[in-house]
file upload_5.pdb (PDB, C-alpha atoms)
ATOM      1  CA  MET Y   1      -6.615  21.343  17.751
ATOM      2  CA  LYS Y   2      -8.008  17.837  17.441
ATOM      3  CA  VAL Y   3      -6.205  15.167  15.368
ATOM      4  CA  ILE Y   4      -8.017  11.908  14.559
ATOM      5  CA  PRO Y   5      -6.348   9.117  12.546
ATOM      6  CA  LEU Y   6      -8.917   7.392  10.337
ATOM      7  CA  ALA Y   7      -7.003   4.703   8.439
ATOM      8  CA  PHE Y   8      -3.401   3.524   8.777
ATOM      9  CA  GLU Y   9      -1.370   0.319   8.647
ATOM     10  CA  SER Y  10      -1.717   0.166  12.435
ATOM     11  CA  MET Y  11      -5.475  -0.035  11.736
ATOM     12  CA  GLY Y  12      -5.097  -2.856   9.217
ATOM     13  CA  VAL Y  13      -4.967  -1.027   5.852
ATOM     14  CA  ARG Y  14      -2.622   0.940   3.631
ATOM     15  CA  SER Y  15      -3.427   4.589   4.306
ATOM     16  CA  MET Y  16      -2.537   7.771   6.171
ATOM     17  CA  ALA Y  17      -6.045   9.289   6.231
ATOM     18  CA  THR Y  18      -6.321  11.855   9.017
ATOM     19  CA  PHE Y  19      -8.960  14.333  10.206
ATOM     20  CA  VAL Y  20      -7.857  17.618  11.789
ATOM     21  CA  GLU Y  21     -10.283  19.960  13.538
ATOM     22  CA  THR Y  22      -9.468  23.614  14.172
ATOM     23  CA  ASP Y  23     -12.000  26.326  13.390
ATOM     24  CA  GLN Y  24     -11.960  24.392  10.092
ATOM     25  CA  LYS Y  25     -12.526  20.693   9.520
ATOM     26  CA  ILE Y  26      -9.760  19.228   7.360
ATOM     27  CA  LEU Y  27      -9.555  15.748   5.841
ATOM     28  CA  ILE Y  28      -6.022  14.755   4.777
ATOM     29  CA  ASP Y  29      -5.259  12.035   2.193
ATOM     30  CA  PRO Y  30      -8.708  10.363   2.092
ATOM     31  CA  GLY Y  31      -7.814   6.980   0.646
ATOM     32  CA  THR Y  32      -7.666   3.416   1.944
ATOM     33  CA  SER Y  33      -6.482   0.200   0.327
ATOM     34  CA  ILE Y  34      -5.183  -3.313   0.834
ATOM     35  CA  ALA Y  35      -2.407  -5.014  -1.129
ATOM     36  CA  PRO Y  36      -3.779  -7.331  -3.875
ATOM     37  CA  LYS Y  37      -0.845  -9.668  -3.312
ATOM     38  CA  ARG Y  38       1.667 -10.097  -0.460
ATOM     39  CA  PHE Y  39       3.848 -13.134   0.308
ATOM     40  CA  GLY Y  40       2.203 -14.641  -2.787
ATOM     41  CA  TYR Y  41      -1.252 -14.529  -1.161
ATOM     42  CA  PRO Y  42      -4.346 -12.360  -1.752
ATOM     43  CA  PRO Y  43      -5.889 -10.465   1.213
ATOM     44  CA  TRP Y  44      -7.356 -12.440   4.093
ATOM     45  CA  LYS Y  45     -10.976 -11.779   5.132
ATOM     46  CA  THR Y  46      -9.949  -9.615   8.087
ATOM     47  CA  GLU Y  47      -8.148  -7.268   5.703
ATOM     48  CA  PHE Y  48     -11.331  -6.736   3.684
ATOM     49  CA  ASP Y  49     -13.192  -6.114   6.958
ATOM     50  CA  ALA Y  50     -10.640  -3.430   7.869
ATOM     51  CA  LEU Y  51     -10.917  -1.937   4.377
ATOM     52  CA  TYR Y  52     -14.707  -1.594   4.642
ATOM     53  CA  GLU Y  53     -14.467  -0.215   8.182
ATOM     54  CA  THR Y  54     -11.919   2.441   7.249
ATOM     55  CA  ARG Y  55     -13.836   3.367   4.087
ATOM     56  CA  ALA Y  56     -16.929   3.941   6.229
ATOM     57  CA  ARG Y  57     -14.889   6.019   8.696
ATOM     58  CA  ILE Y  58     -13.446   8.183   5.909
ATOM     59  CA  GLU Y  59     -16.931   8.744   4.502
ATOM     60  CA  GLU Y  60     -18.240   9.655   7.957
ATOM     61  CA  TYR Y  61     -15.583  12.322   8.478
ATOM     62  CA  ALA Y  62     -15.825  13.536   4.885
ATOM     63  CA  GLU Y  63     -19.383  14.609   5.665
ATOM     64  CA  LYS Y  64     -17.998  16.849   8.430
ATOM     65  CA  ALA Y  65     -15.053  18.217   6.440
ATOM     66  CA  ASP Y  66     -14.862  21.666   4.845
ATOM     67  CA  ILE Y  67     -11.444  21.025   3.292
ATOM     68  CA  VAL Y  68      -9.815  17.982   1.671
ATOM     69  CA  THR Y  69      -6.068  17.764   0.976
ATOM     70  CA  ILE Y  70      -4.270  15.260  -1.271
ATOM     71  CA  SER Y  71      -0.501  14.821  -1.020
ATOM     72  CA  HIS Y  72      -0.092  12.720  -4.187
ATOM     73  CA  TYR Y  73      -1.947  10.316  -6.460
ATOM     74  CA  HIS Y  74      -1.259   6.881  -5.038
ATOM     75  CA  HIS Y  75      -4.527   5.101  -4.349
ATOM     76  CA  ASP Y  76      -3.916   4.756  -0.624
ATOM     77  CA  HIS Y  77      -3.838   8.590  -0.393
ATOM     78  CA  TYR Y  78      -6.922   9.637  -2.334
ATOM     79  CA  THR Y  79     -10.161   8.069  -3.520
ATOM     80  CA  PRO Y  80     -10.460   7.734  -7.318
ATOM     81  CA  PHE Y  81     -13.793   7.739  -9.123
ATOM     82  CA  GLU Y  82     -13.116   4.312 -10.627
ATOM     83  CA  PRO Y  83     -14.407   1.145  -8.920
ATOM     84  CA  GLY Y  84     -11.671  -0.716  -7.065
ATOM     85  CA  LYS Y  85     -12.044  -4.015  -5.215
ATOM     86  CA  PHE Y  86      -8.928  -3.436  -3.122
ATOM     87  CA  LEU Y  87      -9.795   0.238  -2.498
ATOM     88  CA  ASP Y  88     -13.516  -0.169  -1.828
ATOM     89  CA  SER Y  89     -13.821   2.785  -4.202
ATOM     90  CA  SER Y  90     -16.684   3.751  -6.500
ATOM     91  CA  PRO Y  91     -17.995   6.818  -8.346
ATOM     92  CA  ARG Y  92     -20.613   7.225  -5.605
ATOM     93  CA  ALA Y  93     -18.007   7.164  -2.829
ATOM     94  CA  ALA Y  94     -15.815   9.705  -4.627
ATOM     95  CA  GLU Y  95     -18.693  12.053  -5.419
ATOM     96  CA  LYS Y  96     -19.867  11.953  -1.817
ATOM     97  CA  LEU Y  97     -16.355  12.628  -0.567
ATOM     98  CA  TYR Y  98     -15.462  15.631  -2.754
ATOM     99  CA  GLN Y  99     -18.841  17.267  -3.397
ATOM    100  CA  GLY Y 100     -18.991  20.805  -2.007
ATOM    101  CA  LYS Y 101     -15.451  20.727  -0.597
ATOM    102  CA  ARG Y 102     -12.498  23.025  -0.935
ATOM    103  CA  LEU Y 103      -9.676  20.863  -2.289
ATOM    104  CA  PHE Y 104      -5.959  21.527  -1.904
ATOM    105  CA  ILE Y 105      -4.187  18.969  -4.096
ATOM    106  CA  LYS Y 106      -0.775  18.032  -5.485
ATOM    107  CA  HIS Y 107      -0.119  19.754  -8.814
ATOM    108  CA  PRO Y 108      -1.223  17.365 -11.597
ATOM    109  CA  THR Y 109       1.558  18.074 -14.136
ATOM    110  CA  SER Y 110       4.547  19.513 -12.238
ATOM    111  CA  LYS Y 111       6.997  17.295 -10.317
ATOM    112  CA  ILE Y 112       4.971  14.152 -10.947
ATOM    113  CA  ASN Y 113       5.655  10.805 -12.604
ATOM    114  CA  LYS Y 114       3.681   9.523 -15.596
ATOM    115  CA  SER Y 115       1.382   7.103 -13.791
ATOM    116  CA  GLN Y 116       0.322   9.699 -11.237
ATOM    117  CA  GLN Y 117      -0.051  12.344 -13.942
ATOM    118  CA  LYS Y 118      -2.584  10.088 -15.688
ATOM    119  CA  ARG Y 119      -4.457   9.483 -12.444
ATOM    120  CA  ALA Y 120      -4.483  13.200 -11.663
ATOM    121  CA  SER Y 121      -5.865  14.005 -15.119
ATOM    122  CA  ASP Y 122      -8.703  11.478 -14.722
ATOM    123  CA  PHE Y 123      -9.400  12.748 -11.218
ATOM    124  CA  LEU Y 124      -9.694  16.386 -12.318
ATOM    125  CA  LYS Y 125     -12.000  15.482 -15.217
ATOM    126  CA  ASN Y 126     -14.391  13.869 -12.759
ATOM    127  CA  LEU Y 127     -14.167  16.821 -10.362
ATOM    128  CA  ASN Y 128     -15.439  19.086 -13.168
ATOM    129  CA  ASP Y 129     -18.885  17.574 -12.678
ATOM    130  CA  LEU Y 130     -18.946  18.432  -8.967
ATOM    131  CA  ASP Y 131     -19.479  21.618  -6.994
ATOM    132  CA  CYS Y 132     -16.017  21.956  -5.461
ATOM    133  CA  GLU Y 133     -13.164  24.471  -5.418
ATOM    134  CA  VAL Y 134      -9.754  23.136  -6.476
ATOM    135  CA  SER Y 135      -6.378  24.727  -5.660
ATOM    136  CA  TYR Y 136      -2.955  23.330  -6.539
ATOM    137  CA  ALA Y 137      -1.096  23.250  -3.263
ATOM    138  CA  ASP Y 138       2.615  22.742  -4.039
ATOM    139  CA  GLY Y 139       4.707  25.276  -2.106
ATOM    140  CA  LYS Y 140       1.713  27.453  -1.231
ATOM    141  CA  SER Y 141       0.120  28.713   1.978
ATOM    142  CA  PHE Y 142      -3.551  29.410   2.597
ATOM    143  CA  GLU Y 143      -5.374  31.245   5.374
ATOM    144  CA  VAL Y 144      -8.850  29.828   5.975
ATOM    145  CA  GLY Y 145     -10.636  31.428   8.884
ATOM    146  CA  ASP Y 146      -8.138  31.486  11.749
ATOM    147  CA  THR Y 147      -6.282  28.446  10.386
ATOM    148  CA  SER Y 148      -3.024  28.531   8.425
ATOM    149  CA  ILE Y 149      -2.497  25.657   5.985
ATOM    150  CA  LYS Y 150       0.984  25.476   4.477
ATOM    151  CA  PHE Y 151       2.150  22.989   1.849
ATOM    152  CA  SER Y 152       5.746  22.060   1.143
ATOM    153  CA  ASP Y 153       7.430  22.167  -2.203
ATOM    154  CA  PRO Y 154       7.334  18.671  -3.759
ATOM    155  CA  LEU Y 155       9.445  16.186  -1.787
ATOM    156  CA  PRO Y 156      10.735  12.856  -3.111
ATOM    157  CA  HIS Y 157       8.617   9.804  -2.379
ATOM    158  CA  GLY Y 158      11.457   8.371  -0.311
ATOM    159  CA  SER Y 159      15.002   8.951  -1.516
ATOM    160  CA  GLN Y 160      16.138  11.636  -3.950
ATOM    161  CA  GLY Y 161      15.374  10.614  -7.532
ATOM    162  CA  SER Y 162      12.719   8.092  -6.492
ATOM    163  CA  LYS Y 163      10.784   6.644  -9.433
ATOM    164  CA  LEU Y 164       7.662   6.799  -7.246
ATOM    165  CA  GLY Y 165       7.418  10.555  -7.778
ATOM    166  CA  TYR Y 166       6.815  13.416  -5.352
ATOM    167  CA  VAL Y 167       4.565  14.295  -2.428
ATOM    168  CA  VAL Y 168       3.599  17.492  -0.630
ATOM    169  CA  ALA Y 169       3.605  17.659   3.169
ATOM    170  CA  VAL Y 170       1.067  19.858   4.959
ATOM    171  CA  THR Y 171       1.530  21.971   8.099
ATOM    172  CA  ILE Y 172      -1.528  23.284   9.942
ATOM    173  CA  ARG Y 173      -1.320  26.087  12.514
ATOM    174  CA  TRP Y 174      -4.143  27.216  14.767
ATOM    175  CA  ASP Y 175      -4.517  28.633  18.267
ATOM    176  CA  GLY Y 176      -0.780  28.468  18.997
ATOM    177  CA  LYS Y 177      -0.452  24.813  17.953
ATOM    178  CA  THR Y 178       1.305  23.305  14.927
ATOM    179  CA  PHE Y 179       0.546  19.939  13.345
ATOM    180  CA  MET Y 180       2.408  18.418  10.390
ATOM    181  CA  HIS Y 181       1.429  15.491   8.157
ATOM    182  CA  ALA Y 182       4.232  14.143   5.937
ATOM    183  CA  SER Y 183       2.935  11.398   3.665
ATOM    184  CA  ASP Y 184       5.309   8.904   2.044
ATOM    185  CA  VAL Y 185       8.615  10.605   2.843
ATOM    186  CA  GLN Y 186       9.571   7.072   3.951
ATOM    187  CA  GLY Y 187      11.522   7.870   7.053
ATOM    188  CA  PRO Y 188      12.355  10.530   5.989
ATOM    189  CA  ILE Y 189      15.167   9.171   3.848
ATOM    190  CA  TYR Y 190      15.832  12.490   2.079
ATOM    191  CA  ASP Y 191      17.734  15.051   4.186
ATOM    192  CA  GLU Y 192      15.729  17.987   2.840
ATOM    193  CA  SER Y 193      12.516  16.330   4.040
ATOM    194  CA  LYS Y 194      14.047  16.025   7.497
ATOM    195  CA  ASN Y 195      15.223  19.646   7.421
ATOM    196  CA  LEU Y 196      11.760  20.849   6.424
ATOM    197  CA  ILE Y 197      10.166  18.989   9.333
ATOM    198  CA  LEU Y 198      12.637  20.494  11.791
ATOM    199  CA  GLU Y 199      12.114  23.984  10.351
ATOM    200  CA  GLU Y 200       8.337  23.769  10.777
ATOM    201  CA  LYS Y 201       8.766  22.708  14.446
ATOM    202  CA  PRO Y 202       5.424  20.907  14.781
ATOM    203  CA  ASP Y 203       4.070  20.045  18.207
ATOM    204  CA  MET Y 204       2.808  16.853  16.620
ATOM    205  CA  LEU Y 205       4.094  15.082  13.514
ATOM    206  CA  ILE Y 206       2.547  12.186  11.597
ATOM    207  CA  LEU Y 207       4.852  10.665   8.996
ATOM    208  CA  SER Y 208       5.466   7.472   7.069
ATOM    209  CA  GLY Y 209       8.314   5.303   8.264
ATOM    210  CA  PRO Y 210      10.764   3.579   5.925
ATOM    211  CA  PRO Y 211       9.651   0.400   4.102
ATOM    212  CA  ILE Y 212      11.892  -2.031   5.946
ATOM    213  CA  TYR Y 213      10.013  -4.923   4.296
ATOM    214  CA  LEU Y 214      11.655  -3.875   0.999
ATOM    215  CA  ALA Y 215      15.196  -3.528   2.392
ATOM    216  CA  GLY Y 216      17.793  -5.033   0.077
ATOM    217  CA  TYR Y 217      15.167  -5.465  -2.643
ATOM    218  CA  ALA Y 218      13.425  -2.256  -3.764
ATOM    219  CA  VAL Y 219      15.074  -0.028  -1.132
ATOM    220  CA  GLU Y 220      18.769   0.066  -0.329
ATOM    221  CA  ARG Y 221      19.719  -0.828   3.228
ATOM    222  CA  LYS Y 222      21.777   2.354   3.469
ATOM    223  CA  ASP Y 223      18.570   4.340   2.870
ATOM    224  CA  ILE Y 224      16.826   2.519   5.716
ATOM    225  CA  GLU Y 225      19.733   3.448   7.989
ATOM    226  CA  LYS Y 226      19.597   7.035   6.701
ATOM    227  CA  ALA Y 227      15.917   7.169   7.632
ATOM    228  CA  ARG Y 228      16.742   5.863  11.118
ATOM    229  CA  ILE Y 229      19.421   8.523  11.663
ATOM    230  CA  ASN Y 230      17.092  11.281  10.452
ATOM    231  CA  LEU Y 231      14.323  10.042  12.730
ATOM    232  CA  ILE Y 232      16.623  10.121  15.725
ATOM    233  CA  GLU Y 233      17.241  13.808  15.068
ATOM    234  CA  ILE Y 234      13.508  14.441  14.608
ATOM    235  CA  ALA Y 235      12.564  12.574  17.792
ATOM    236  CA  GLU Y 236      15.097  14.628  19.740
ATOM    237  CA  GLU Y 237      13.404  17.876  18.685
ATOM    238  CA  ILE Y 238       9.688  17.167  18.210
ATOM    239  CA  PRO Y 239       7.608  16.312  21.283
ATOM    240  CA  LYS Y 240       5.044  14.003  19.646
ATOM    241  CA  VAL Y 241       6.090  11.802  16.716
ATOM    242  CA  VAL Y 242       3.588   9.396  15.157
ATOM    243  CA  LEU Y 243       5.290   6.904  12.826
ATOM    244  CA  ASP Y 244       3.205   4.574  10.670
ATOM    245  CA  HIS Y 245       2.387   3.523   7.078
ATOM    246  CA  HIS Y 246       5.221   1.757   5.144
ATOM    247  CA  LEU Y 247       7.115   0.816   8.311
ATOM    248  CA  LEU Y 248       4.215  -1.218   9.684
ATOM    249  CA  ARG Y 249       4.067  -3.521   6.679
ATOM    250  CA  SER Y 250       6.609  -5.568   8.627
ATOM    251  CA  THR Y 251       6.131  -7.237  12.007
ATOM    252  CA  ARG Y 252       9.711  -6.150  12.756
ATOM    253  CA  TYR Y 253       8.692  -2.477  12.886
ATOM    254  CA  LEU Y 254       8.996  -2.350  16.672
ATOM    255  CA  ASN Y 255      12.734  -3.171  16.560
ATOM    256  CA  PHE Y 256      13.229  -0.144  14.331
ATOM    257  CA  VAL Y 257      11.115   2.099  16.576
ATOM    258  CA  LYS Y 258      12.944   0.977  19.734
ATOM    259  CA  SER Y 259      16.331   1.681  18.171
ATOM    260  CA  VAL Y 260      15.235   5.245  17.393
ATOM    261  CA  GLU Y 261      13.774   5.744  20.873
ATOM    262  CA  ASN Y 262      16.870   4.373  22.588
ATOM    263  CA  GLU Y 263      19.210   6.742  20.752
ATOM    264  CA  SER Y 264      16.970   9.831  20.746
ATOM    265  CA  GLY Y 265      15.434   9.629  24.203
ATOM    266  CA  GLY Y 266      12.134  10.477  22.533
ATOM    267  CA  GLU Y 267       8.894   8.521  22.442
ATOM    268  CA  ILE Y 268       7.320   7.351  19.190
ATOM    269  CA  MET Y 269       3.713   6.268  18.726
ATOM    270  CA  VAL Y 270       1.820   4.583  15.920
ATOM    271  CA  ALA Y 271      -1.436   6.098  14.698
ATOM    272  CA  SER Y 272      -3.816   3.612  16.345
ATOM    273  CA  GLN Y 273      -2.418   4.529  19.772
ATOM    274  CA  ILE Y 274      -3.712   8.096  19.381
ATOM    275  CA  VAL Y 275      -7.225   6.676  19.653
ATOM    276  CA  GLY Y 276      -6.290   4.212  22.385
ATOM    277  CA  LYS Y 277      -6.009   1.048  20.266
ATOM    278  CA  GLU Y 278      -3.168  -1.415  19.985
ATOM    279  CA  PRO Y 279      -1.597  -1.791  16.516
ATOM    280  CA  ASN Y 280      -3.521  -4.241  14.335
ATOM    281  CA  LEU Y 281      -1.069  -5.262  11.626
ATOM    282  CA  LEU Y 282      -2.907  -7.341   9.038
ATOM    283  CA  GLU Y 283      -0.909  -7.203   5.808
ATOM    284  CA  ALA Y 284       2.309  -7.933   7.707
ATOM    285  CA  ARG Y 285       0.664 -11.061   9.165
ATOM    286  CA  ARG Y 286      -1.029 -12.274   5.968
ATOM    287  CA  LYS Y 287       1.204 -15.323   5.631
ATOM    288  CA  GLN Y 288       0.369 -16.331   9.203
ATOM    289  CA  PHE Y 289      -3.370 -16.202   8.486
ATOM    290  CA  TYR Y 290      -2.987 -18.605   5.570
ATOM    291  CA  ARG Y 291      -0.634 -20.945   7.383
ATOM    292  CA  ASN Y 292      -2.899 -21.117  10.410
TER     293      ASN Y 292
END
call {"tool": "encode", "arguments": {"input": "upload_5.pdb", "output": "structure tokens"}}
result
Amino acid sequence: MKVIPLAFESMGVRSMATFVETDQKILIDPGTSIAPKRFGYPPWKTEFDALYETRARIEEYAEKADIVTISHYHHDHYTPFEPGKFLDSSPRAAEKLYQGKRLFIKHPTSKINKSQQKRASDFLKNLNDLDCEVSYADGKSFEVGDTSIKFSDPLPHGSQGSKLGYVVAVTIRWDGKTFMHASDVQGPIYDESKNLILEEKPDMLILSGPPIYLAGYAVERKDIEKARINLIEIAEEIPKVVLDHHLLRSTRYLNFVKSVENESGGEIMVASQIVGKEPNLLEARRKQFYRN
């Protein structure tokens, strides 16, 4: 099994886009974006460069993919058909990405908040014009060739009762190996998200860390600590943990990672390190770019 991260915060953008190759070629959460505003500033030029680079990488691997999965309808996790300056999205890009694919996607009306329900509705209307096969994935398993693709029941986007809605995690099994991709569980903060991860027993796990940059503002500090405790348990049990996304929107992410490693005895990577690159945090350093 080959796992290739395509776009993540450690690569300079908001995303968790990942390509997995078994006897099938699977593209997970094919979106990329940059924050329109952070620290009161718009994106610096290097952030747009990273956006265009990751968009090109997603398009390159989309050409190879047989299957596309979408965990939820936030723009950093799928490509909409609408033009977007901070997404580098367009109808052409979306058509090219989804045409001829088998899509496993988050249910558009069940366990979903209003904003994502609207996005899902628009997305499905545009898919009607394409030659693609759409399956709602929540809580279902699929056998494609020799590959097993299993989706979780909807999990909170962070803590229980989150206003940000729900996501579905995906577990892929092939040739005796298990890989799990858990978008936007934010830690995981929610105990049931942690329990699910431990039950699946992946050899390799990619998940979003907690948004420490929002601690004491949009996220309670007790939830950040809950995520840290849950990660310690995960790192004790799972041999390869890749932690990225929300956590790396802060330059202080490494303090959090080290605290988990010190207490778990495990080793945690960020996504860029899988492909031999040092983390390139751009949004987290936006203020520095302007001040310099």
call {"tool": "closest_residue", "arguments": {"input": "upload_5.pdb", "among": "Y:Pro43, Y:Trp174, Y:Ser90, Y:Thr18", "to": "Met1 (chain Y)", "atoms": "all atoms listed in the file"}}
result
Y:Trp174
call {"tool": "residues_near_point", "arguments": {"input": "upload_5.pdb", "point": "(-10.0, 17.1, 8.1)", "cutoff": "9 Å", "atoms": "only C-alpha atoms", "output": "ChimeraX atom specification"}}
result
/Y:3-4,17-22,24-28,61-62,64-69
call {"tool": "closest_residue", "arguments": {"input": "upload_5.pdb", "among": "Y:Ile189, Y:Val260, Y:Leu247, Y:Ile274", "to": "Ala235 (chain Y)", "atoms": "only C-alpha atoms"}}
result
Y:Val260
call {"tool": "closest_residue", "arguments": {"input": "upload_5.pdb", "among": "Y:Ala120, Y:Cys132, Y:Ala35, Y:Leu51", "to": "Leu6 (chain Y)", "atoms": "only C-alpha atoms"}}
result
Y:Leu51
call {"tool": "resolve_selection", "arguments": {"input": "upload_5.pdb", "expression": "the PyMOL selection byres ((chain Y and resi 41) around 12)", "output": "list of chain:residue names"}}
result
Y:Ala35, Y:Pro36, Y:Lys37, Y:Arg38, Y:Phe39, Y:Gly40, Y:Pro42, Y:Pro43, Y:Trp44, Y:Lys45, Y:Glu283, Y:Ala284, Y:Arg285, Y:Arg286, Y:Lys287, Y:Gln288, Y:Phe289, Y:Tyr290, Y:Arg291
call {"tool": "residues_around", "arguments": {"input": "upload_5.pdb", "residues": "Tyr136 (chain Y)", "least_positions_apart": "2", "cutoff": "12 Å", "atoms": "all atoms listed in the file", "output": "number ranges by chain"}}
result
Y: 68-72, 102-110, 120, 124, 133-134, 138-142, 150-154, 168
call {"tool": "write_last_selection", "arguments": {"input": "upload_5.pdb", "atoms": "C-alpha atoms", "output": "mmCIF file, in the coordinates of the input"}}
result
data_model
loop_
_atom_site.group_PDB
_atom_site.id
_atom_site.type_symbol
_atom_site.label_atom_id
_atom_site.label_comp_id
_atom_site.auth_asym_id
_atom_site.auth_seq_id
_atom_site.Cartn_x
_atom_site.Cartn_y
_atom_site.Cartn_z
ATOM 1 C CA VAL Y 68 -9.815 17.982 1.671
ATOM 2 C CA THR Y 69 -6.068 17.764 0.976
ATOM 3 C CA ILE Y 70 -4.270 15.260 -1.271
ATOM 4 C CA SER Y 71 -0.501 14.821 -1.020
ATOM 5 C CA HIS Y 72 -0.092 12.720 -4.187
ATOM 6 C CA ARG Y 102 -12.498 23.025 -0.935
ATOM 7 C CA LEU Y 103 -9.676 20.863 -2.289
ATOM 8 C CA PHE Y 104 -5.959 21.527 -1.904
ATOM 9 C CA ILE Y 105 -4.187 18.969 -4.096
ATOM 10 C CA LYS Y 106 -0.775 18.032 -5.485
ATOM 11 C CA HIS Y 107 -0.119 19.754 -8.814
ATOM 12 C CA PRO Y 108 -1.223 17.365 -11.597
ATOM 13 C CA THR Y 109 1.558 18.074 -14.136
ATOM 14 C CA SER Y 110 4.547 19.513 -12.238
ATOM 15 C CA ALA Y 120 -4.483 13.200 -11.663
ATOM 16 C CA LEU Y 124 -9.694 16.386 -12.318
ATOM 17 C CA GLU Y 133 -13.164 24.471 -5.418
ATOM 18 C CA VAL Y 134 -9.754 23.136 -6.476
ATOM 19 C CA ASP Y 138 2.615 22.742 -4.039
ATOM 20 C CA GLY Y 139 4.707 25.276 -2.106
ATOM 21 C CA LYS Y 140 1.713 27.453 -1.231
ATOM 22 C CA SER Y 141 0.120 28.713 1.978
ATOM 23 C CA PHE Y 142 -3.551 29.410 2.597
ATOM 24 C CA LYS Y 150 0.984 25.476 4.477
ATOM 25 C CA PHE Y 151 2.150 22.989 1.849
ATOM 26 C CA SER Y 152 5.746 22.060 1.143
ATOM 27 C CA ASP Y 153 7.430 22.167 -2.203
ATOM 28 C CA PRO Y 154 7.334 18.671 -3.759
ATOM 29 C CA VAL Y 168 3.599 17.492 -0.630
#
call {"tool": "residues_around", "arguments": {"input": "upload_5.pdb", "residues": "Ile212 (chain Y)", "least_positions_apart": "4", "cutoff": "12 Å", "atoms": "only C-alpha atoms", "output": "PDB file with C-alpha atoms, in the coordinates of the input"}}
result
ATOM      1  CA  GLN Y 186       9.571   7.072   3.951  1.00  0.00           C
ATOM      2  CA  GLY Y 187      11.522   7.870   7.053  1.00  0.00           C
ATOM      3  CA  ILE Y 189      15.167   9.171   3.848  1.00  0.00           C
ATOM      4  CA  SER Y 208       5.466   7.472   7.069  1.00  0.00           C
ATOM      5  CA  GLY Y 216      17.793  -5.033   0.077  1.00  0.00           C
ATOM      6  CA  TYR Y 217      15.167  -5.465  -2.643  1.00  0.00           C
ATOM      7  CA  ALA Y 218      13.425  -2.256  -3.764  1.00  0.00           C
ATOM      8  CA  VAL Y 219      15.074  -0.028  -1.132  1.00  0.00           C
ATOM      9  CA  GLU Y 220      18.769   0.066  -0.329  1.00  0.00           C
ATOM     10  CA  ARG Y 221      19.719  -0.828   3.228  1.00  0.00           C
ATOM     11  CA  LYS Y 222      21.777   2.354   3.469  1.00  0.00           C
ATOM     12  CA  ASP Y 223      18.570   4.340   2.870  1.00  0.00           C
ATOM     13  CA  ILE Y 224      16.826   2.519   5.716  1.00  0.00           C
ATOM     14  CA  GLU Y 225      19.733   3.448   7.989  1.00  0.00           C
ATOM     15  CA  LYS Y 226      19.597   7.035   6.701  1.00  0.00           C
ATOM     16  CA  ALA Y 227      15.917   7.169   7.632  1.00  0.00           C
ATOM     17  CA  ARG Y 228      16.742   5.863  11.118  1.00  0.00           C
ATOM     18  CA  ASP Y 244       3.205   4.574  10.670  1.00  0.00           C
ATOM     19  CA  HIS Y 245       2.387   3.523   7.078  1.00  0.00           C
ATOM     20  CA  HIS Y 246       5.221   1.757   5.144  1.00  0.00           C
ATOM     21  CA  LEU Y 247       7.115   0.816   8.311  1.00  0.00           C
ATOM     22  CA  LEU Y 248       4.215  -1.218   9.684  1.00  0.00           C
ATOM     23  CA  ARG Y 249       4.067  -3.521   6.679  1.00  0.00           C
ATOM     24  CA  SER Y 250       6.609  -5.568   8.627  1.00  0.00           C
ATOM     25  CA  THR Y 251       6.131  -7.237  12.007  1.00  0.00           C
ATOM     26  CA  ARG Y 252       9.711  -6.150  12.756  1.00  0.00           C
ATOM     27  CA  TYR Y 253       8.692  -2.477  12.886  1.00  0.00           C
ATOM     28  CA  LEU Y 254       8.996  -2.350  16.672  1.00  0.00           C
ATOM     29  CA  ASN Y 255      12.734  -3.171  16.560  1.00  0.00           C
ATOM     30  CA  PHE Y 256      13.229  -0.144  14.331  1.00  0.00           C
ATOM     31  CA  VAL Y 257      11.115   2.099  16.576  1.00  0.00           C
ATOM     32  CA  ALA Y 284       2.309  -7.933   7.707  1.00  0.00           C
TER      33      ALA Y 284
END
call {"tool": "closest_atom_pairs", "arguments": {"input": "upload_5.pdb", "of": "region 83-157 of chain Y", "to": "region 74-78 of chain Y", "cutoff": "12 Å", "atoms": "all atoms listed in the file", "output": "Markdown table"}}
result
| residue | atom | partner | partner_atom | distance |
| --- | --- | --- | --- | --- |
| Y:Pro83 | CA | Y:His75 | CA | 11.6 |
| Y:Gly84 | CA | Y:His75 | CA | 9.6 |
| Y:Lys85 | CA | Y:His75 | CA | 11.8 |
| Y:Phe86 | CA | Y:His75 | CA | 9.7 |
| Y:Leu87 | CA | Y:His75 | CA | 7.4 |
| Y:Asp88 | CA | Y:His75 | CA | 10.7 |
| Y:Ser89 | CA | Y:His75 | CA | 9.6 |
| Y:Ala93 | CA | Y:Tyr78 | CA | 11.4 |
| Y:Ala94 | CA | Y:Tyr78 | CA | 9.2 |
| Y:Leu97 | CA | Y:Tyr78 | CA | 10.1 |
| Y:Tyr98 | CA | Y:Tyr78 | CA | 10.4 |
| Y:Leu103 | CA | Y:Tyr78 | CA | 11.6 |
| Y:Phe104 | CA | Y:Tyr78 | CA | 11.9 |
| Y:Ile105 | CA | Y:Tyr78 | CA | 9.9 |
| Y:Lys106 | CA | Y:Tyr78 | CA | 10.9 |
| Y:Ile112 | CA | Y:His74 | CA | 11.3 |
| Y:Asn113 | CA | Y:His74 | CA | 11.0 |
| Y:Lys114 | CA | Y:His74 | CA | 12.0 |
| Y:Ser115 | CA | Y:His74 | CA | 9.1 |
| Y:Gln116 | CA | Y:His74 | CA | 7.0 |
| Y:Gln117 | CA | Y:His74 | CA | 10.5 |
| Y:Lys118 | CA | Y:His74 | CA | 11.2 |
| Y:Arg119 | CA | Y:His74 | CA | 8.5 |
| Y:Ala120 | CA | Y:His74 | CA | 9.7 |
| Y:Phe123 | CA | Y:Tyr78 | CA | 9.7 |
| Y:His157 | CA | Y:His74 | CA | 10.6 |
call {"tool": "closest_residue", "arguments": {"input": "upload_5.pdb", "among": "Y:Thr147, Y:His181, Y:Ile197, Y:Lys111", "to": "Ser162 (chain Y)", "atoms": "only C-alpha atoms"}}
result
Y:Lys111
